Amino acid sequence: MLLFTIHTTVANSNDISTDIVSSYKLLPEEGIVKVSKDITFFNNNTDTKYWRGYYSNYNYYLPEGAMNIKARDNENPIVFKISPDGYYVFNFNQKVWYEENYTFNIDYELEINRNTAVFSLNEYGDNIEVTLEVPSDFDTQIGRDDYKIEDKKYSSVYIFEKGQKWDKSCIVNSVRVSPRLTLKDTAHLTERDVDVEVRYWEGEEEWAQDIMQTTVESLTLLEDKWGIAYPAKYNVTITQANLTETGGYGGYNQGRNGIWLLYTSNHGILIHELAHYWTRACNFDQLWMDEGYADLYSYLILSEIEPEEAVSRRNRFLDKYNNLKYQYDYPLSDWDTPESIDGSTEEYVDFGYKKAFSLTLTLYETTGIDTLQEMNQLFVNYGDDIDNLDYLKIVDSVSNQDTSFIKTFIYA
C-alpha cells in the first residue's frame, strides 16, 4: 500500500485540492493576532483509485513567529512537526482514500504591540476565503485591494471572497492612532549640541529607545563621513507614524517639522532621512542627487554600526536596480516622485532610488571618501542650485578618475 504525501507547492494539481477558510482577528489588549484556518483536503488522485493508496498528511507553511500552534479535526488533536525545509507536516487522524475528503483546523497566534501591528496574511491552497477583523479605532493598510469591508459596532471586517488568487503573502499594517509620548536625549556634535526628541505611541518604548540610540550614533558618524558639521539650524524630532502620515514611504523628512518615520522602518531608512539634513545643505537641484546621496551615506553609516546589514542592503538595492532596469530604465534627469505612492507607482519610483544609489555608490568606489568630501564642501559653498551640468563640473574639478559613467546614469 502506497503512502502519499502532498506538498502545498503542488496543491494546484487536479489530483488533490484544498478549500481553506481563514480568519485573522486583531486583539491588541492581548498583544496578538488570533488566526484560525479550516482546511478541507480532497483526494482526486486516480493513482489512489481502487484502494491503491491514500493520503495521510498535509504540508503547510506558517509564518515565522507563529506561536501557540494547535491543530485538530472534529474529534481529536492532530500531531504535527516542522520539517527542515520550514513547512509544517500535519498528520491526519484518518486515511484519505480516492474521492474522500478530510477537514481539520489550525489555530495559531502572531505577536503584536498594543498600538501597532504588522503581520502577513499567508495563504496557500486552491479555494480560499479570508476575513480580517480589526478594532474600529485602528488605521489599517493592506497590501492588496480586492476586498470588501463590513463595519461592525466596534470593529471593521475585511473580506476576501473565495476564488481570488493568493500567490504571495499579503502585508497588513495596522495602527491605533493615540496620543504620543516623548523620549528626549542630546547628540554632542562637532559645533553644537543637538537635542533629539522621539515621539512614539504608548507601548512602543522599545522602538523609541532603539530609534534614539541609532539617531544619536548616526548623527556623529554622518558628520564624519560627510566631512561637514551638522548643517541644520534646528534640532531633530522623529515621530512614529503610519503609512497615511508618510504618504506610503518608509520615512519623510519635513525639515523643521522633523522626520516622520513609519513604525516598521529599519535603521537604513532612519539614517537615510537623517542624511537629508546634509543633502539639503548641498544645494542639490536634482532629485537623484538628493536621494542617491542619502542612500549612499545610509550605506556608509550602516557599514560602521551594522556591517552585515549594510552589505545585505547594498546587494538588495543593486539586485533590484538590475531586475527593474529592462522595464523602467529612464534617465535620472527625468526622475520625479509623487507625494504618495501606491501599487501602481511603487516599482517606477523604486527604480529611480536604486539607479541613483548605483550611481553614487559607483562614484564612491571610483574616487574614495576623501574626494567625496572635497566635492561636498564645494556643493555646500556653491551659492546656487546645482543642476546636472553644475554637478558634472564640480566632479571634474576635484576627481582625477574617469567619471564619464555619471553622464550615462543621468542622460541615458
# chains A, B, ... in the order shown; residues from 1 in each chain; ligands from 1

$ residues_around --residues "A:Gln94" --least-positions-apart "6" --cutoff "9 Å" --atoms "only C-alpha atoms" --output "list in words"
Tyr55, Ser56 and Tyr102 of chain A

$ residues_around --residues "A:Leu302" --least-positions-apart "4" --cutoff "10 Å" --atoms "only C-alpha atoms" --output "ChimeraX atom specification"
/A:218,221,267-268,271,296-298,306-311,313

$ write_last_selection --atoms "C-alpha atoms" --output "short mmCIF file (atom, residue, chain, number, x, y, z; two decimals), in the first residue's frame"
data_model
loop_
_atom_site.label_atom_id
_atom_site.label_comp_id
_atom_site.auth_asym_id
_atom_site.auth_seq_id
_atom_site.Cartn_x
_atom_site.Cartn_y
_atom_site.Cartn_z
CA SER A 218 24.35 58.12 13.33
CA LEU A 221 29.03 59.32 12.03
CA HIS A 267 17.70 51.61 10.58
CA GLY A 268 18.65 52.12 6.94
CA ILE A 271 19.68 57.02 8.54
CA LEU A 296 24.91 56.22 -0.22
CA TYR A 297 25.51 57.69 3.24
CA SER A 298 22.98 55.28 4.73
CA GLU A 306 25.66 47.07 11.24
CA PRO A 307 28.18 45.86 8.63
CA GLU A 308 26.28 42.69 7.68
CA GLU A 309 23.05 44.64 7.15
CA ALA A 310 24.97 47.24 5.11
CA VAL A 311 26.21 44.58 2.69
CA ARG A 313 21.07 46.28 1.87
#

$ closest_residue --among "A:Ile106, A:Ile149, A:Ile238, A:Ile228" --to "A:Leu183" --atoms "only C-alpha atoms"
A:Ile238

$ select_by_dssp --residues "stretch 236-275 of chain A" --states "helix (DSSP H, G or I)" --output "ChimeraX atom specification"
/A:243-246,255-257,267-275

$ write_last_selection --atoms "C-alpha atoms" --output "compact mmCIF listing (two decimals), in the first residue's frame"
# COMPACT_ATOMS: atom_id res chain seq x y z
CA LEU A 243 1.51 54.80 6.17
CA THR A 244 -1.01 57.59 5.70
CA GLU A 245 1.25 60.07 7.51
CA THR A 246 4.32 59.07 5.48
CA GLY A 255 12.87 69.78 7.78
CA ARG A 256 11.99 71.85 10.85
CA ASN A 257 8.87 69.75 11.36
CA HIS A 267 17.70 51.61 10.58
CA GLY A 268 18.65 52.12 6.94
CA ILE A 269 15.54 54.22 6.33
CA LEU A 270 16.09 56.21 9.54
CA ILE A 271 19.68 57.02 8.54
CA HIS A 272 18.51 57.90 5.01
CA GLU A 273 16.16 60.51 6.48
CA LEU A 274 18.86 61.88 8.80
CA ALA A 275 21.23 62.17 5.81

$ select_by_dssp --residues "stretch 59-124 of chain A" --states "strand (DSSP E or B)" --output "count of residues only"
38

$ residues_around --residues "stretch 288-294 of chain A" --least-positions-apart "3" --cutoff "9 Å" --atoms "only C-alpha atoms" --output "ChimeraX atom specification"
/A:271-276,278-280,282,284-285,297-299,332-333,335-336,352-361,410

$ residues_around --residues "A:Lys153" --least-positions-apart "6" --cutoff "12 Å" --atoms "only C-alpha atoms" --output "list in words"
Glu133, Val134, Pro135, Ser136 and Asp137 of chain A

$ residues_around --residues "A:Asp146" --least-positions-apart "3" --cutoff "12 Å" --atoms "only C-alpha atoms" --output "list in words"
Val130, Ile142, Gly143, Ile149, Tyr158, Ile159, Phe160, Glu161, Lys162, Gly163, Gln164, Lys165, Trp166 and Cys170 of chain A

$ decode --residues "stretch 358-373 of chain A" --atoms "all heavy atoms" --output "PDB file, in the first residue's frame"
ATOM      1  N   SER A 358      22.977  53.372  -7.266  1.00  0.00           N
ATOM      2  CA  SER A 358      24.013  52.724  -8.056  1.00  0.00           C
ATOM      3  C   SER A 358      25.022  53.751  -8.560  1.00  0.00           C
ATOM      4  O   SER A 358      26.235  53.502  -8.575  1.00  0.00           O
ATOM      5  CB  SER A 358      23.380  51.963  -9.228  1.00  0.00           C
ATOM      6  OG  SER A 358      24.359  51.274  -9.959  1.00  0.00           O
ATOM      7  N   LEU A 359      24.534  54.910  -8.974  1.00  0.00           N
ATOM      8  CA  LEU A 359      25.428  55.977  -9.450  1.00  0.00           C
ATOM      9  C   LEU A 359      26.345  56.450  -8.323  1.00  0.00           C
ATOM     10  O   LEU A 359      27.575  56.504  -8.482  1.00  0.00           O
ATOM     11  CB  LEU A 359      24.602  57.150  -9.994  1.00  0.00           C
ATOM     12  CG  LEU A 359      25.350  58.283 -10.735  1.00  0.00           C
ATOM     13  CD1 LEU A 359      24.372  59.142 -11.509  1.00  0.00           C
ATOM     14  CD2 LEU A 359      26.161  59.171  -9.796  1.00  0.00           C
ATOM     15  N   THR A 360      25.769  56.827  -7.180  1.00  0.00           N
ATOM     16  CA  THR A 360      26.586  57.392  -6.097  1.00  0.00           C
ATOM     17  C   THR A 360      27.531  56.347  -5.509  1.00  0.00           C
ATOM     18  O   THR A 360      28.655  56.679  -5.117  1.00  0.00           O
ATOM     19  CB  THR A 360      25.699  57.985  -4.999  1.00  0.00           C
ATOM     20  OG1 THR A 360      24.764  56.984  -4.539  1.00  0.00           O
ATOM     21  CG2 THR A 360      24.925  59.192  -5.515  1.00  0.00           C
ATOM     22  N   LEU A 361      27.090  55.087  -5.447  1.00  0.00           N
ATOM     23  CA  LEU A 361      27.976  54.036  -4.951  1.00  0.00           C
ATOM     24  C   LEU A 361      29.162  53.849  -5.894  1.00  0.00           C
ATOM     25  O   LEU A 361      30.309  53.706  -5.444  1.00  0.00           O
ATOM     26  CB  LEU A 361      27.204  52.724  -4.804  1.00  0.00           C
ATOM     27  CG  LEU A 361      28.032  51.524  -4.339  1.00  0.00           C
ATOM     28  CD1 LEU A 361      28.522  51.732  -2.909  1.00  0.00           C
ATOM     29  CD2 LEU A 361      27.219  50.232  -4.439  1.00  0.00           C
ATOM     30  N   THR A 362      28.897  53.872  -7.191  1.00  0.00           N
ATOM     31  CA  THR A 362      29.984  53.752  -8.172  1.00  0.00           C
ATOM     32  C   THR A 362      30.952  54.915  -8.050  1.00  0.00           C
ATOM     33  O   THR A 362      32.180  54.740  -8.131  1.00  0.00           O
ATOM     34  CB  THR A 362      29.420  53.685  -9.601  1.00  0.00           C
ATOM     35  OG1 THR A 362      28.473  52.614  -9.690  1.00  0.00           O
ATOM     36  CG2 THR A 362      30.526  53.446 -10.617  1.00  0.00           C
ATOM     37  N   LEU A 363      30.422  56.114  -7.823  1.00  0.00           N
ATOM     38  CA  LEU A 363      31.278  57.290  -7.637  1.00  0.00           C
ATOM     39  C   LEU A 363      32.153  57.122  -6.401  1.00  0.00           C
ATOM     40  O   LEU A 363      33.361  57.408  -6.428  1.00  0.00           O
ATOM     41  CB  LEU A 363      30.422  58.544  -7.516  1.00  0.00           C
ATOM     42  CG  LEU A 363      31.180  59.859  -7.326  1.00  0.00           C
ATOM     43  CD1 LEU A 363      32.032  60.177  -8.547  1.00  0.00           C
ATOM     44  CD2 LEU A 363      30.213  61.001  -7.045  1.00  0.00           C
ATOM     45  N   TYR A 364      31.555  56.662  -5.308  1.00  0.00           N
ATOM     46  CA  TYR A 364      32.317  56.440  -4.066  1.00  0.00           C
ATOM     47  C   TYR A 364      33.412  55.406  -4.277  1.00  0.00           C
ATOM     48  O   TYR A 364      34.566  55.605  -3.855  1.00  0.00           O
ATOM     49  CB  TYR A 364      31.358  55.998  -2.965  1.00  0.00           C
ATOM     50  CG  TYR A 364      32.031  55.360  -1.775  1.00  0.00           C
ATOM     51  CD1 TYR A 364      32.796  56.113  -0.891  1.00  0.00           C
ATOM     52  CD2 TYR A 364      31.906  53.985  -1.551  1.00  0.00           C
ATOM     53  CE1 TYR A 364      33.422  55.519   0.198  1.00  0.00           C
ATOM     54  CE2 TYR A 364      32.529  53.382  -0.469  1.00  0.00           C
ATOM     55  CZ  TYR A 364      33.285  54.146   0.399  1.00  0.00           C
ATOM     56  OH  TYR A 364      33.900  53.554   1.470  1.00  0.00           O
ATOM     57  N   GLU A 365      33.079  54.297  -4.938  1.00  0.00           N
ATOM     58  CA  GLU A 365      34.060  53.242  -5.153  1.00  0.00           C
ATOM     59  C   GLU A 365      35.147  53.661  -6.142  1.00  0.00           C
ATOM     60  O   GLU A 365      36.270  53.148  -6.098  1.00  0.00           O
ATOM     61  CB  GLU A 365      33.353  51.975  -5.643  1.00  0.00           C
ATOM     62  CG  GLU A 365      32.457  51.347  -4.581  1.00  0.00           C
ATOM     63  CD  GLU A 365      31.647  50.163  -5.097  1.00  0.00           C
ATOM     64  OE1 GLU A 365      31.492  50.037  -6.336  1.00  0.00           O
ATOM     65  OE2 GLU A 365      31.174  49.368  -4.272  1.00  0.00           O
ATOM     66  N   THR A 366      34.828  54.618  -7.011  1.00  0.00           N
ATOM     67  CA  THR A 366      35.797  55.096  -8.002  1.00  0.00           C
ATOM     68  C   THR A 366      36.737  56.143  -7.421  1.00  0.00           C
ATOM     69  O   THR A 366      37.947  56.129  -7.696  1.00  0.00           O
ATOM     70  CB  THR A 366      35.066  55.690  -9.224  1.00  0.00           C
ATOM     71  OG1 THR A 366      34.227  54.694  -9.804  1.00  0.00           O
ATOM     72  CG2 THR A 366      36.054  56.200 -10.268  1.00  0.00           C
ATOM     73  N   THR A 367      36.211  57.044  -6.608  1.00  0.00           N
ATOM     74  CA  THR A 367      37.002  58.201  -6.160  1.00  0.00           C
ATOM     75  C   THR A 367      37.454  58.118  -4.711  1.00  0.00           C
ATOM     76  O   THR A 367      38.471  58.705  -4.339  1.00  0.00           O
ATOM     77  CB  THR A 367      36.195  59.494  -6.335  1.00  0.00           C
ATOM     78  OG1 THR A 367      35.038  59.451  -5.487  1.00  0.00           O
ATOM     79  CG2 THR A 367      35.742  59.668  -7.775  1.00  0.00           C
ATOM     80  N   GLY A 368      36.690  57.415  -3.844  1.00  0.00           N
ATOM     81  CA  GLY A 368      37.044  57.329  -2.428  1.00  0.00           C
ATOM     82  C   GLY A 368      36.387  58.413  -1.596  1.00  0.00           C
ATOM     83  O   GLY A 368      35.915  59.438  -2.107  1.00  0.00           O
ATOM     84  N   ILE A 369      36.389  58.210  -0.282  1.00  0.00           N
ATOM     85  CA  ILE A 369      35.670  59.098   0.634  1.00  0.00           C
ATOM     86  C   ILE A 369      36.296  60.488   0.695  1.00  0.00           C
ATOM     87  O   ILE A 369      35.592  61.497   0.814  1.00  0.00           O
ATOM     88  CB  ILE A 369      35.595  58.479   2.050  1.00  0.00           C
ATOM     89  CG1 ILE A 369      34.644  59.274   2.943  1.00  0.00           C
ATOM     90  CG2 ILE A 369      36.985  58.364   2.659  1.00  0.00           C
ATOM     91  CD1 ILE A 369      33.197  59.218   2.522  1.00  0.00           C
ATOM     92  N   ASP A 370      37.624  60.591   0.604  1.00  0.00           N
ATOM     93  CA  ASP A 370      38.278  61.908   0.696  1.00  0.00           C
ATOM     94  C   ASP A 370      37.856  62.811  -0.461  1.00  0.00           C
ATOM     95  O   ASP A 370      37.589  64.005  -0.268  1.00  0.00           O
ATOM     96  CB  ASP A 370      39.796  61.757   0.721  1.00  0.00           C
ATOM     97  CG  ASP A 370      40.292  61.091   2.000  1.00  0.00           C
ATOM     98  OD1 ASP A 370      39.556  61.140   3.006  1.00  0.00           O
ATOM     99  OD2 ASP A 370      41.403  60.523   1.977  1.00  0.00           O
ATOM    100  N   THR A 371      37.803  62.255  -1.665  1.00  0.00           N
ATOM    101  CA  THR A 371      37.382  63.041  -2.826  1.00  0.00           C
ATOM    102  C   THR A 371      35.911  63.429  -2.708  1.00  0.00           C
ATOM    103  O   THR A 371      35.520  64.555  -3.047  1.00  0.00           O
ATOM    104  CB  THR A 371      37.611  62.249  -4.126  1.00  0.00           C
ATOM    105  OG1 THR A 371      38.995  61.898  -4.218  1.00  0.00           O
ATOM    106  CG2 THR A 371      37.216  63.072  -5.346  1.00  0.00           C
ATOM    107  N   LEU A 372      35.088  62.515  -2.213  1.00  0.00           N
ATOM    108  CA  LEU A 372      33.684  62.861  -1.993  1.00  0.00           C
ATOM    109  C   LEU A 372      33.555  64.034  -1.035  1.00  0.00           C
ATOM    110  O   LEU A 372      32.721  64.936  -1.232  1.00  0.00           O
ATOM    111  CB  LEU A 372      32.917  61.659  -1.434  1.00  0.00           C
ATOM    112  CG  LEU A 372      32.483  60.550  -2.387  1.00  0.00           C
ATOM    113  CD1 LEU A 372      31.571  59.575  -1.666  1.00  0.00           C
ATOM    114  CD2 LEU A 372      31.775  61.096  -3.615  1.00  0.00           C
ATOM    115  N   GLN A 373      34.347  64.047   0.002  1.00  0.00           N
ATOM    116  CA  GLN A 373      34.259  65.139   0.981  1.00  0.00           C
ATOM    117  C   GLN A 373      34.703  66.474   0.380  1.00  0.00           C
ATOM    118  O   GLN A 373      34.142  67.530   0.712  1.00  0.00           O
ATOM    119  CB  GLN A 373      35.090  64.791   2.214  1.00  0.00           C
ATOM    120  CG  GLN A 373      34.475  63.651   3.034  1.00  0.00           C
ATOM    121  CD  GLN A 373      35.287  63.296   4.263  1.00  0.00           C
ATOM    122  OE1 GLN A 373      36.432  63.748   4.427  1.00  0.00           O
ATOM    123  NE2 GLN A 373      34.717  62.477   5.124  1.00  0.00           N
TER     124      GLN A 373
END
